[in-house]
$ cat target08.txt   # compact mmCIF, C-alpha atoms
# COMPACT_ATOMS: atom_id res chain seq x y z
CA MET D 1 0.00 0.00 0.00
CA ALA D 2 1.39 3.42 -0.98
CA LEU D 3 0.80 4.91 2.46
CA ALA D 4 3.26 2.56 4.08
CA ALA D 5 6.20 4.00 2.16
CA THR D 6 8.43 6.42 4.04
CA ALA D 7 8.31 10.02 2.88
CA LEU D 8 11.42 11.98 1.91
CA HIS D 9 12.44 14.73 4.33
CA ILE D 10 14.46 17.62 3.01
CA HIS D 11 16.78 19.77 5.09
CA LEU D 12 17.33 23.20 3.63
CA TYR D 13 20.59 23.99 5.33
CA GLU D 14 21.57 27.63 5.77
CA GLY D 15 24.19 27.29 8.51
CA PRO D 16 27.60 28.93 8.84
CA ASP D 17 29.27 27.03 6.00
CA ALA D 18 26.51 27.66 3.47
CA VAL D 19 25.41 30.72 1.54
CA PRO D 20 21.98 31.73 2.86
CA LEU D 21 19.01 32.25 0.58
CA SER D 22 17.25 35.59 0.48
CA ALA D 23 13.80 35.64 2.08
CA ASP D 24 12.17 35.66 -1.36
CA GLU D 25 14.30 32.76 -2.58
CA ARG D 26 13.60 30.82 0.60
CA PHE D 27 9.86 31.37 0.25
CA ALA D 28 9.83 30.40 -3.43
CA THR D 29 11.95 27.30 -2.82
CA LEU D 30 9.88 26.12 0.12
CA THR D 31 6.67 26.72 -1.80
CA ALA D 32 7.93 24.70 -4.78
CA LEU D 33 8.89 21.80 -2.50
CA LEU D 34 5.68 21.88 -0.46
CA GLU D 35 3.54 21.93 -3.57
CA ARG D 36 5.24 18.69 -4.63
CA GLY D 37 4.35 17.17 -1.27
CA TYR D 38 7.73 17.28 0.49
CA THR D 39 8.48 17.96 4.13
CA VAL D 40 11.17 20.59 4.54
CA ALA D 41 13.14 21.73 7.56
CA ARG D 42 14.74 25.13 7.14
CA THR D 43 17.73 24.83 9.42
CA SER D 44 20.83 26.73 10.44
CA SER D 45 22.34 23.79 12.31
CA THR D 46 22.66 20.10 11.73
CA SER D 47 19.25 18.58 12.23
CA PRO D 48 18.11 15.23 13.47
CA SER D 49 16.79 13.14 10.66
CA GLU D 50 14.53 10.18 10.51
CA GLY D 51 13.68 7.87 7.68
CA ARG D 52 14.82 8.98 4.27
CA SER D 53 16.28 12.46 4.19
CA VAL D 54 18.49 14.65 2.07
CA THR D 55 20.20 17.98 2.73
CA PHE D 56 20.19 20.81 0.23
CA ALA D 57 22.42 23.84 0.61
CA ARG D 58 24.32 26.43 -1.29
CA SER D 59 27.86 25.12 -0.99
CA GLY D 60 27.14 23.35 2.29
CA GLN D 61 29.56 20.58 3.06
CA GLY D 62 28.04 17.17 2.60
CA ALA D 63 24.89 18.63 1.09
CA ARG D 64 23.50 18.54 -2.40
CA ASP D 65 24.48 21.88 -3.86
CA ILE D 66 21.58 24.03 -5.01
CA THR D 67 23.70 27.03 -5.98
CA GLY D 68 22.20 28.73 -9.02
CA LEU D 69 19.13 26.51 -9.15
CA THR D 70 15.64 27.94 -9.55
CA PRO D 71 12.93 26.78 -7.11
CA THR D 72 11.55 24.47 -9.78
CA GLN D 73 14.99 22.98 -10.34
CA VAL D 74 15.37 22.44 -6.60
CA ALA D 75 12.04 20.62 -6.60
CA ASP D 76 13.26 18.52 -9.54
CA LEU D 77 16.40 17.69 -7.55
CA ALA D 78 14.17 16.58 -4.69
CA GLU D 79 12.30 14.33 -7.08
CA THR D 80 15.60 12.77 -8.19
CA ALA D 81 16.57 12.19 -4.55
CA ARG D 82 13.15 10.71 -3.82
CA THR D 83 13.58 8.21 -6.63
CA GLU D 84 17.13 7.34 -5.56
CA LEU D 85 16.06 6.75 -1.97
CA ASP D 86 12.87 4.94 -2.96
CA ALA D 87 10.78 7.28 -0.82
CA ALA D 88 7.04 7.74 -1.03
CA THR D 89 5.36 9.55 -3.87
CA HIS D 90 2.88 12.28 -3.06
CA GLY D 91 -0.38 13.55 -4.39
CA GLY D 92 -1.96 10.29 -5.49
CA TRP D 93 -4.40 10.28 -2.62
CA LYS D 94 -6.28 13.11 -0.97
CA PRO D 95 -5.72 12.52 2.74
CA TRP D 96 -9.39 12.34 3.63
CA PHE D 97 -10.20 10.08 6.56
CA PRO D 98 -11.93 10.24 9.93
CA VAL D 99 -10.04 11.40 12.99
CA ILE D 100 -11.51 10.32 16.31
CA ASP D 101 -11.70 12.75 19.21
CA TYR D 102 -11.13 10.30 22.05
CA ASP D 103 -12.04 12.96 24.59
CA ARG D 104 -15.59 12.70 23.26
CA CYS D 105 -15.82 9.13 21.96
CA THR D 106 -17.89 6.79 24.12
CA ASN D 107 -16.96 3.67 22.14
CA CYS D 108 -20.59 3.17 21.11
CA MET D 109 -19.52 1.57 17.79
CA GLN D 110 -22.15 3.36 15.72
CA CYS D 111 -19.43 4.43 13.28
CA LEU D 112 -18.16 0.86 12.98
CA SER D 113 -21.67 -0.39 12.46
CA PHE D 114 -22.42 2.31 9.89
CA CYS D 115 -19.36 2.26 7.64
CA LEU D 116 -19.62 -0.11 4.69
CA PHE D 117 -16.02 0.33 3.64
CA GLY D 118 -14.13 -1.20 6.55
CA VAL D 119 -12.53 2.07 7.63
CA TYR D 120 -13.11 1.35 11.31
CA GLY D 121 -12.00 -1.50 13.48
CA VAL D 122 -11.12 -2.12 17.10
CA ASP D 123 -7.80 -2.48 18.83
CA GLY D 124 -6.78 -5.26 21.22
CA ASP D 125 -8.77 -3.60 23.98
CA SER D 126 -11.92 -3.42 21.83
CA ARG D 127 -11.48 0.30 21.50
CA ILE D 128 -12.71 1.87 18.26
CA GLN D 129 -9.99 3.03 15.91
CA VAL D 130 -9.48 4.07 12.32
CA GLN D 131 -7.79 1.10 10.71
CA ASN D 132 -8.07 1.51 6.96
CA GLN D 133 -8.06 5.23 6.33
CA ASP D 134 -7.42 4.92 2.62
CA ASN D 135 -10.66 2.95 2.27
CA CYS D 136 -12.52 6.14 3.18
CA LYS D 137 -14.55 7.79 0.44
CA THR D 138 -13.16 11.22 -0.39
CA ASN D 139 -15.35 14.11 0.78
CA CYS D 140 -17.86 11.80 2.47
CA PRO D 141 -18.42 12.77 6.12
CA ALA D 142 -21.41 10.45 6.67
CA CYS D 143 -20.01 8.53 9.65
CA SER D 144 -19.47 11.80 11.53
CA ARG D 145 -23.20 12.48 11.16
CA VAL D 146 -24.17 9.30 12.94
CA CYS D 147 -21.84 9.94 15.89
CA PRO D 148 -23.99 11.06 18.82
CA GLU D 149 -21.04 12.83 20.47
CA ALA D 150 -19.68 14.67 17.41
CA ALA D 151 -16.45 12.80 18.09
CA ILE D 152 -15.58 12.12 14.47
CA MET D 153 -13.66 14.82 12.65
CA PHE D 154 -12.62 15.26 9.06
CA PRO D 155 -9.99 18.01 9.25
CA LYS D 156 -10.49 18.92 5.60
CA TYR D 157 -14.27 19.29 5.89
CA LYS D 158 -15.74 22.68 5.17
CA SER D 159 -17.52 23.40 8.44
CA GLY D 160 -17.63 22.72 12.16
CA PRO D 161 -17.68 20.76 14.28
CA ILE D 162 -16.77 18.07 11.75
CA ASN D 163 -13.67 20.05 10.74
CA GLY D 164 -12.41 20.01 14.34
CA ASP D 165 -13.96 23.28 15.46
CA LEU D 166 -15.38 23.41 18.98
CA VAL D 167 -18.51 21.38 19.61
CA SER D 168 -21.51 23.27 20.93
CA ASP D 169 -24.62 21.97 22.63
CA ALA D 170 -26.50 23.07 19.53
CA ASP D 171 -24.23 20.89 17.40
CA LEU D 172 -25.05 17.90 19.54
CA SER D 173 -28.75 18.56 19.12
CA ARG D 174 -28.27 18.95 15.41
CA GLU D 175 -26.31 15.73 15.18
CA LYS D 176 -29.06 13.90 17.00
CA MET D 177 -31.60 15.40 14.65
CA LYS D 178 -29.65 14.09 11.69
CA VAL D 179 -29.74 10.62 13.15
CA ASP D 180 -33.48 11.13 13.53
CA ILE D 181 -33.67 12.01 9.88
CA SER D 182 -32.03 8.72 9.02
CA ALA D 183 -34.48 7.04 11.38
CA LEU D 184 -37.33 8.57 9.42
CA LEU D 185 -35.78 7.09 6.33
CA GLY D 186 -35.78 3.64 7.84
CA GLY D 187 -33.48 3.56 10.87
CA ASP D 188 -30.23 2.40 9.42
CA VAL D 189 -29.69 4.19 6.15
CA TYR D 190 -28.13 1.18 4.51
CA GLU D 191 -30.91 -1.02 5.80
CA MET D 192 -33.33 1.51 4.39
CA LEU D 193 -31.59 1.39 1.05
CA ARG D 194 -31.79 -2.38 1.02
CA LEU D 195 -35.44 -2.52 2.04
CA ARG D 196 -36.53 0.07 -0.43
CA SER D 197 -34.68 -1.77 -3.13
CA GLN D 198 -36.36 -5.03 -2.14
CA LYS D 199 -39.77 -3.39 -2.19
CA ALA D 200 -38.98 -1.92 -5.56
CA GLN D 201 -37.85 -5.31 -6.87
CA SER D 202 -40.99 -6.99 -5.62
CA ARG D 203 -43.37 -4.35 -6.93
CA PHE D 204 -41.64 -3.73 -10.20
CA GLY D 205 -40.94 -7.42 -10.72
CA LYS D 206 -44.67 -7.70 -11.31
CA GLU D 207 -45.02 -4.47 -13.15
CA ARG D 208 -41.78 -5.03 -15.05
CA ASP D 209 -41.15 -1.31 -14.90
CA SER D 210 -37.40 -1.00 -14.50
CA ASP D 211 -37.51 2.72 -15.14
CA LYS D 212 -39.68 3.21 -12.06
CA ALA D 213 -37.34 1.02 -10.01
CA LEU D 214 -34.38 3.07 -11.09
CA ALA D 215 -36.22 6.29 -10.31
CA GLU D 216 -37.08 4.93 -6.87
CA ARG D 217 -33.47 4.11 -6.13
CA GLN D 218 -32.29 7.48 -7.36
CA LYS D 219 -34.89 9.26 -5.21
CA CYS D 220 -33.66 7.26 -2.26
CA LEU D 221 -30.05 8.15 -2.99
CA VAL D 222 -30.85 11.85 -3.25
CA LYS D 223 -32.48 11.71 0.18
CA LEU D 224 -29.42 9.99 1.59
CA ALA D 225 -27.09 12.49 -0.01
CA GLN D 226 -29.01 15.37 1.51
CA ALA D 227 -29.30 13.83 4.97
CA GLY D 228 -25.66 12.91 5.31
CA ASP D 229 -23.95 15.39 2.99
CA ILE D 230 -22.70 12.33 1.14
CA PRO D 231 -21.30 13.05 -2.31
CA VAL D 232 -23.63 11.64 -4.93
CA GLU D 233 -20.72 9.94 -6.66
CA VAL D 234 -20.06 7.97 -3.47
CA LEU D 235 -23.65 6.81 -3.32
CA MET D 236 -23.77 6.01 -7.00
CA SER D 237 -20.68 3.85 -6.60
CA LEU D 238 -22.27 1.73 -3.89
CA PRO D 239 -22.40 -1.95 -4.71
CA SER D 240 -25.57 -3.92 -5.37
CA PRO D 241 -28.26 -3.98 -2.66
CA ASP D 242 -27.29 -7.56 -1.80
CA GLU D 243 -23.65 -6.58 -1.38
CA ILE D 244 -24.67 -3.56 0.69
CA ALA D 245 -26.73 -5.84 2.91
CA ARG D 246 -23.83 -8.28 3.27
CA ARG D 247 -21.36 -5.55 4.21
CA ALA D 248 -23.85 -3.93 6.58
CA GLU D 249 -24.34 -7.25 8.35
CA GLU D 250 -20.59 -7.72 8.56
CA ALA D 251 -20.08 -4.24 10.02
CA LYS D 252 -22.91 -4.74 12.51
CA ALA D 253 -21.45 -8.06 13.59
CA LYS D 254 -18.05 -6.45 14.19
CA ALA D 255 -19.67 -3.68 16.21
CA ALA D 256 -21.75 -6.15 18.21
CA ALA D 257 -18.67 -8.24 19.00
CA ALA D 258 -16.76 -5.15 20.14
CA LEU D 259 -19.66 -4.01 22.29
CA ALA D 260 -19.98 -7.46 23.80
CA ALA D 261 -16.29 -7.41 24.62
CA ASN D 262 -16.84 -4.07 26.33
CA GLY D 263 -19.85 -5.38 28.23
CA LYS D 264 -22.29 -3.16 26.34
CA SER D 265 -25.40 -4.07 24.45
CA SER D 266 -25.84 -3.26 20.76
CA ALA D 267 -29.59 -2.96 21.15
CA MET V 268 11.07 25.60 28.78
CA PRO V 269 13.19 25.48 25.59
CA GLU V 270 12.50 27.84 22.73
CA PRO V 271 9.44 26.50 20.93
CA LYS V 272 9.95 24.61 17.70
CA LEU V 273 7.88 25.80 14.77
CA LEU V 274 5.85 23.57 12.50
CA TYR V 275 3.97 24.92 9.51
CA CYS V 276 1.36 22.92 7.55
CA HIS V 277 0.73 23.89 3.93
CA CYS V 278 -2.53 21.87 3.75
CA GLN V 279 -1.55 21.01 0.20
CA TYR V 280 -4.37 18.63 -0.65
CA ALA V 281 -7.41 20.75 0.22
CA GLN V 282 -8.54 24.31 -0.16
CA VAL V 283 -9.82 24.80 3.37
CA VAL V 284 -7.01 27.09 4.53
CA PRO V 285 -7.18 30.36 2.57
CA ARG V 286 -4.29 30.40 0.12
CA GLU V 287 -3.43 33.99 0.93
CA THR V 288 -3.27 33.19 4.65
CA LYS V 289 -0.94 30.24 4.37
CA GLU V 290 1.28 32.04 1.88
CA ALA V 291 1.52 35.11 4.09
CA VAL V 292 2.36 32.99 7.14
CA LEU V 293 5.02 31.05 5.24
CA ARG V 294 6.46 34.29 3.89
CA SER V 295 6.63 35.74 7.43
CA LEU V 296 8.53 32.70 8.67
CA CYS V 297 10.91 32.92 5.71
CA GLU V 298 11.50 36.63 6.28
CA ALA V 299 12.14 36.12 9.99
CA GLY V 300 15.09 33.87 9.17
CA VAL V 301 14.15 31.40 11.90
CA ASP V 302 14.51 27.64 11.83
CA PHE V 303 11.22 25.86 11.22
CA GLU V 304 9.74 22.74 9.70
CA ALA V 305 7.24 22.94 6.89
CA VAL V 306 5.09 20.00 5.93
CA ALA V 307 3.04 19.71 2.79
CA ASP V 308 0.07 18.22 4.58
CA LEU V 309 -0.20 17.22 8.22
CA CYS V 310 -3.11 14.89 7.45
CA GLU V 311 -0.99 12.95 4.98
CA MET V 312 1.88 12.77 7.50
CA ALA V 313 -0.48 11.47 10.16
CA ALA V 314 -1.87 8.90 7.77
CA ARG V 315 1.66 7.67 7.12
CA LYS V 316 2.47 7.73 10.84
CA ASP V 317 5.55 9.70 9.84
CA PRO V 318 8.29 9.32 12.49
CA ALA V 319 8.87 13.09 12.39
CA LEU V 320 5.59 13.52 14.27
CA ALA V 321 6.91 11.52 17.21
CA ARG V 322 10.07 13.63 17.33
CA LEU V 323 8.08 16.87 17.14
CA SER V 324 5.56 15.82 19.78
CA ALA V 325 8.42 15.05 22.15
CA CYS V 326 10.47 18.18 21.45
CA GLY V 327 9.43 20.01 24.62
CA ALA V 328 7.72 23.11 23.26
CA LEU V 329 5.95 23.25 19.95
CA LYS V 330 3.98 25.79 17.95
CA ILE V 331 1.97 24.45 15.04
CA ALA V 332 0.49 26.67 12.34
CA ALA V 333 -2.24 24.51 10.87
CA CYS V 334 -5.97 24.29 11.59
CA PHE V 335 -8.22 23.59 14.58
CA PRO V 336 -6.39 22.50 17.76
CA ARG V 337 -8.88 19.65 18.31
CA ALA V 338 -8.17 18.29 14.82
CA VAL V 339 -4.40 18.65 15.18
CA LYS V 340 -4.49 16.85 18.53
CA GLY V 341 -6.50 14.04 16.94
CA LEU V 342 -4.14 13.73 14.00
CA PHE V 343 -1.08 13.38 16.22
CA HIS V 344 -2.89 10.87 18.42
CA GLN V 345 -3.97 8.83 15.41
CA ALA V 346 -0.34 8.80 14.26
CA GLY V 347 0.64 7.34 17.64
CA SER V 348 2.42 10.53 18.74
CA ASP V 349 0.35 12.31 21.37
CA LEU V 350 0.99 16.03 21.70
CA ALA V 351 2.09 17.35 25.05
CA ILE V 352 -0.93 19.44 26.05
CA GLU V 353 1.05 21.68 28.38
CA SER V 354 3.67 22.62 25.84
CA THR V 355 1.87 22.89 22.50
CA GLU V 356 0.21 25.90 20.91
CA VAL V 357 -1.81 25.44 17.74
CA LEU V 358 -2.33 28.45 15.49
CA ASN V 359 -5.41 28.14 13.36
CA MET V 360 -4.95 29.40 9.81
CA ARG V 361 -8.60 28.62 9.02
CA THR V 362 -9.95 31.17 11.45
CA GLU V 363 -7.13 33.55 12.35
CA SER V 364 -5.54 36.16 10.11
CA ALA V 365 -2.05 35.66 8.72
CA GLU V 366 -0.85 38.53 10.89
CA GLN V 367 -2.24 36.92 14.05
CA VAL V 368 -0.73 33.54 13.21
CA ALA V 369 2.67 34.96 12.28
CA GLU V 370 2.79 37.11 15.41
CA ARG V 371 2.09 34.15 17.68
CA ALA V 372 4.41 31.86 15.72
CA LEU V 373 7.32 34.23 16.14
CA ALA V 374 6.57 35.30 19.71
CA PRO V 375 9.10 33.93 22.22
CA ASP V 376 6.44 32.78 24.67
CA LEU V 377 4.13 29.78 24.37
CA GLN V 378 0.39 29.86 25.03
CA PRO V 379 -0.77 26.24 25.24
CA ASN V 380 -4.26 25.83 23.79
CA VAL V 381 -4.73 22.18 22.89
CA PRO V 382 -7.92 20.92 24.55
CA ALA V 383 -7.12 18.79 27.57
CA GLY V 384 -10.43 16.97 27.55
CA LYS V 385 -14.01 17.03 26.37
CA GLU V 386 -15.28 20.55 25.80
CA THR V 387 -18.77 21.52 24.74
CA ILE V 388 -19.55 25.19 24.45
CA GLN V 389 -22.96 26.49 25.41
CA ILE V 390 -24.78 28.66 22.94
CA PRO V 391 -27.57 30.63 24.60
CA THR V 392 -30.94 30.08 22.98
CA PRO V 393 -32.90 33.21 22.09
CA ALA V 394 -35.67 34.04 24.57

$ encode --input "target08.txt" --output "structure tokens"
Amino acid sequence: MALAATALHIHLYEGPDAVPLSADERFATLTALLERGYTVARTSSTSPSEGRSVTFARSGQGARDITGLTPTQVADLAETARTELDAATHGGWKPWFPVIDYDRCTNCMQCLSFCLFGVYGVDGDSRIQVQNQDNCKTNCPACSRVCPEAAIMFPKYKSGPINGDLVSDADLSREKMKVDISALLGGDVYEMLRLRSQKAQSRFGKERDSDKALAERQKCLVKLAQAGDIPVEVLMSLPSPDEIARRAEEAKAKAAAALAANGKSSA
Amino acid sequence: MPEPKLLYCHCQYAQVVPRETKEAVLRSLCEAGVDFEAVADLCEMAARKDPALARLSACGALKIAACFPRAVKGLFHQAGSDLAIESTEVLNMRTESAEQVAERALAPDLQPNVPAGKETIQIPTPA
């Protein structure tokens, strides 16, 4: 998996034995490197390094010389070093994943039960944790909407408290209301999706009106998208109703097992 | 307490931090001529469990120019590198001006502001 690879760290050395960059050059060079995804330490002394790292400097001893290079050329040099050191590539994945606020989390497992994509799991102490963050669907904050404590954050979300802003009592009421909305739609949204699909299959199996069945499913998806701020493309990429049902059962079973281990009931 | 280390997040893979804010903060750090670490995206680093996060969280005093303190605390925790609550100040480039962030980043003192526990603010309901 790409995420497991170690990232390249760059030291931009401007110590006594190197020619310093001007403020403008420093800004332009750092910007060029950051926009390619690199981590950069601007340093005037020898720095601790971890993992794969490389030092750039103007005439610095033991460093890769960047004298006369433009910011773009420095970034190209970083790319060469990255390849040589077999460090991670950047930019292939938008880092979108849930971050749990353990000060708020009550370990109720609703997120584990809700997520169809195996993002959540439990640790050895049956404590909820994010296990497969790159399974998360980009821009989908749906699991944070089912959390009764507003304990699930997506730092890149547009608004609070999901983005990590302070949680207010009004937010908690609003979160509960959103769960109520899903309850109106059939309790568990995935269960609702499955049931509505079954009803549609049964009804339209007789009527043989596939257009109506499709319209029904689309109507259902629009409701889900609005209730959970779920990107339509995420909903449209959901597997078949049978597969949804299978995954939902699997997720519920995991949550029930974790709750049982914690001495709680899933009812 | 040692002089605080500075960490700047460029939030490269989203547009939630105003571009002009992060550029102005980065420019201020560059103009000040101080040592600092700049990361393309703290979320990506946390996802990778980058070992640099463990070193930074244990450095003694840390100022982080990024986003909401609650989110930053969660990211470090998820990376297995808990922040020291008493010696970390998070400067929020989503809500504060570039001038405010740069001023606090370059100030010699540290004002810890990472939430120590569960906080829920009360919003008075209109009568």

$ residues_around --input "target08.txt" --residues "V:Lys289" --least-positions-apart "2" --cutoff "9 Å" --atoms "all atoms listed in the file" --output "PyMOL selection string"
chain V and resi 275-278+284-287+291-294+332-333+360+365

$ atom_distance --input "target08.txt" --atom1 "atom CA of V:Gly327" --atom2 "atom CA of D:Pro155"
24.8 Å

$ interface_residues --input "target08.txt" --of "chain V" --to "chain D" --cutoff "7 Å" --atoms "all atoms listed in the file" --output "VMD selection string"
chain V and resid 277 279 to 281 283 293 to 294 297 to 298 302 to 307 310 to 311 315 318 to 319 335 337 to 338 341 to 342 384 to 385 387 to 390

$ atom_distance --input "target08.txt" --atom1 "atom CA of D:Leu235" --atom2 "atom CA of V:Ala314"
24.5 Å

$ atom_distance --input "target08.txt" --atom1 "atom CA of V:Gln367" --atom2 "atom CA of D:Ala32"
24.6 Å

$ build_atoms --input "target08.txt" --residues "stretch 277-300 of chain V" --atoms "N, CA and C atoms" --output "PDB file, in the frame of the given file"
ATOM      1  N   HIS V 277       1.146  23.210   5.172  1.00  0.00           N
ATOM      2  CA  HIS V 277       0.730  23.890   3.930  1.00  0.00           C
ATOM      3  C   HIS V 277      -0.643  23.413   3.456  1.00  0.00           C
ATOM      4  N   CYS V 278      -1.208  22.431   4.113  1.00  0.00           N
ATOM      5  CA  CYS V 278      -2.530  21.870   3.750  1.00  0.00           C
ATOM      6  C   CYS V 278      -2.656  21.759   2.227  1.00  0.00           C
ATOM      7  N   GLN V 279      -1.716  21.032   1.659  1.00  0.00           N
ATOM      8  CA  GLN V 279      -1.550  21.010   0.200  1.00  0.00           C
ATOM      9  C   GLN V 279      -2.722  20.367  -0.536  1.00  0.00           C
ATOM     10  N   TYR V 280      -3.404  19.413   0.115  1.00  0.00           N
ATOM     11  CA  TYR V 280      -4.370  18.630  -0.650  1.00  0.00           C
ATOM     12  C   TYR V 280      -5.825  19.022  -0.411  1.00  0.00           C
ATOM     13  N   ALA V 281      -6.031  20.242   0.073  1.00  0.00           N
ATOM     14  CA  ALA V 281      -7.410  20.750   0.220  1.00  0.00           C
ATOM     15  C   ALA V 281      -7.349  22.263   0.152  1.00  0.00           C
ATOM     16  N   GLN V 282      -8.485  22.848  -0.058  1.00  0.00           N
ATOM     17  CA  GLN V 282      -8.540  24.310  -0.160  1.00  0.00           C
ATOM     18  C   GLN V 282      -9.233  24.920   1.054  1.00  0.00           C
ATOM     19  N   VAL V 283      -9.094  24.296   2.203  1.00  0.00           N
ATOM     20  CA  VAL V 283      -9.820  24.800   3.370  1.00  0.00           C
ATOM     21  C   VAL V 283      -9.085  25.910   4.114  1.00  0.00           C
ATOM     22  N   VAL V 284      -7.770  25.964   3.965  1.00  0.00           N
ATOM     23  CA  VAL V 284      -7.010  27.090   4.530  1.00  0.00           C
ATOM     24  C   VAL V 284      -6.859  28.120   3.406  1.00  0.00           C
ATOM     25  N   PRO V 285      -7.286  29.364   3.645  1.00  0.00           N
ATOM     26  CA  PRO V 285      -7.180  30.360   2.570  1.00  0.00           C
ATOM     27  C   PRO V 285      -5.746  30.456   2.050  1.00  0.00           C
ATOM     28  N   ARG V 286      -5.620  30.390   0.740  1.00  0.00           N
ATOM     29  CA  ARG V 286      -4.290  30.400   0.120  1.00  0.00           C
ATOM     30  C   ARG V 286      -3.476  31.616   0.546  1.00  0.00           C
ATOM     31  N   GLU V 287      -4.157  32.772   0.590  1.00  0.00           N
ATOM     32  CA  GLU V 287      -3.430  33.990   0.930  1.00  0.00           C
ATOM     33  C   GLU V 287      -2.939  33.959   2.378  1.00  0.00           C
ATOM     34  N   THR V 288      -3.686  33.289   3.242  1.00  0.00           N
ATOM     35  CA  THR V 288      -3.270  33.190   4.650  1.00  0.00           C
ATOM     36  C   THR V 288      -2.034  32.318   4.780  1.00  0.00           C
ATOM     37  N   LYS V 289      -2.091  31.129   4.188  1.00  0.00           N
ATOM     38  CA  LYS V 289      -0.940  30.240   4.370  1.00  0.00           C
ATOM     39  C   LYS V 289       0.311  30.794   3.686  1.00  0.00           C
ATOM     40  N   GLU V 290       0.113  31.455   2.551  1.00  0.00           N
ATOM     41  CA  GLU V 290       1.280  32.040   1.880  1.00  0.00           C
ATOM     42  C   GLU V 290       1.883  33.167   2.713  1.00  0.00           C
ATOM     43  N   ALA V 291       1.020  33.984   3.294  1.00  0.00           N
ATOM     44  CA  ALA V 291       1.520  35.110   4.090  1.00  0.00           C
ATOM     45  C   ALA V 291       2.229  34.616   5.348  1.00  0.00           C
ATOM     46  N   VAL V 292       1.706  33.549   5.944  1.00  0.00           N
ATOM     47  CA  VAL V 292       2.360  32.990   7.140  1.00  0.00           C
ATOM     48  C   VAL V 292       3.719  32.409   6.750  1.00  0.00           C
ATOM     49  N   LEU V 293       3.745  31.639   5.680  1.00  0.00           N
ATOM     50  CA  LEU V 293       5.020  31.050   5.240  1.00  0.00           C
ATOM     51  C   LEU V 293       6.028  32.142   4.905  1.00  0.00           C
ATOM     52  N   ARG V 294       5.557  33.186   4.249  1.00  0.00           N
ATOM     53  CA  ARG V 294       6.460  34.290   3.890  1.00  0.00           C
ATOM     54  C   ARG V 294       7.024  34.947   5.162  1.00  0.00           C
ATOM     55  N   SER V 295       6.173  35.129   6.166  1.00  0.00           N
ATOM     56  CA  SER V 295       6.630  35.740   7.430  1.00  0.00           C
ATOM     57  C   SER V 295       7.717  34.893   8.083  1.00  0.00           C
ATOM     58  N   LEU V 296       7.518  33.583   8.070  1.00  0.00           N
ATOM     59  CA  LEU V 296       8.530  32.700   8.670  1.00  0.00           C
ATOM     60  C   LEU V 296       9.835  32.778   7.873  1.00  0.00           C
ATOM     61  N   CYS V 297       9.716  32.837   6.557  1.00  0.00           N
ATOM     62  CA  CYS V 297      10.910  32.920   5.710  1.00  0.00           C
ATOM     63  C   CYS V 297      11.639  34.247   5.938  1.00  0.00           C
ATOM     64  N   GLU V 298      10.881  35.310   6.087  1.00  0.00           N
ATOM     65  CA  GLU V 298      11.500  36.630   6.280  1.00  0.00           C
ATOM     66  C   GLU V 298      12.159  36.744   7.657  1.00  0.00           C
ATOM     67  N   ALA V 299      11.600  36.034   8.629  1.00  0.00           N
ATOM     68  CA  ALA V 299      12.140  36.120   9.990  1.00  0.00           C
ATOM     69  C   ALA V 299      13.499  35.417  10.109  1.00  0.00           C
ATOM     70  N   GLY V 300      13.788  34.552   9.151  1.00  0.00           N
ATOM     71  CA  GLY V 300      15.090  33.870   9.170  1.00  0.00           C
ATOM     72  C   GLY V 300      15.230  32.856  10.285  1.00  0.00           C
TER      73      GLY V 300
END
